[in-house]
Amino acid sequence: MVTSIQLLMAPVLLLGLGIAALLGGLWTILSREYQTTLRSLAAQSALLSNRVSADTTLTPILDSVSRLVEAVSQLIRTAVGVGVFLCLVGLSMCFLAFWIIAHLTPWS
């Protein structure tokens with residue numbers, strides 16, 4: 001009775017959640033939504049830096065833009081780190097599901 005419940009739980013819960021975490025991690029890593037924003041901000045900051053050389057009153061604005069570009073860059077690194085973590089958790093859950101199935105089946 002217990003092994004049949006465990007054999008049902010392993011593929012349904014662990015394998016399903018593992019695949020969901022793996023796909024979520026891959027989607028987080030491969031999404032390019034932050035990178036287009038970073039490219040746009042970098043292009044605008046380059047245009048603004050040309051104007052700053054002519055007008056010194058825009059220097060605080062350029063400093064703010066450079067901090068914004070750095071914050072978006074940090075956001076991209078954090079998102080990729082979360083994606084890698086989700087992929088590793090998903091893979092480990094899939095391997096755990098296969099291990100449970102392999103050790104609880106009566107024919108093994």
# chains A, B, ... in the order shown; residues from 1 in each chain; ligands from 1
$ residues_around --residues "Ile76 in chain A" --least-positions-apart "6" --cutoff "12 Å" --atoms "only C-alpha atoms" --output "ChimeraX atom specification"
/A:28-38,69-70,82-83
$ residues_around --residues "Leu86 in chain A" --least-positions-apart "5" --cutoff "7 Å" --atoms "only C-alpha atoms" --output "JSON, numbers by chain"
{"A": [21, 22, 24, 25]}
$ closest_residue --among "A:Val84, A:Cys94, A:Val72, A:Leu62" --to "Pro11 in chain A" --atoms "only C-alpha atoms"
A:Cys94
$ closest_residue --among "A:Cys87, A:Ala79, A:Ile5, A:Ala42" --to "Val65 in chain A" --atoms "only C-alpha atoms"
A:Ala42
$ closest_residue --among "A:Phe95, A:Ala102, A:Gly90, A:Val80" --to "Leu17 in chain A" --atoms "only C-alpha atoms"
A:Gly90
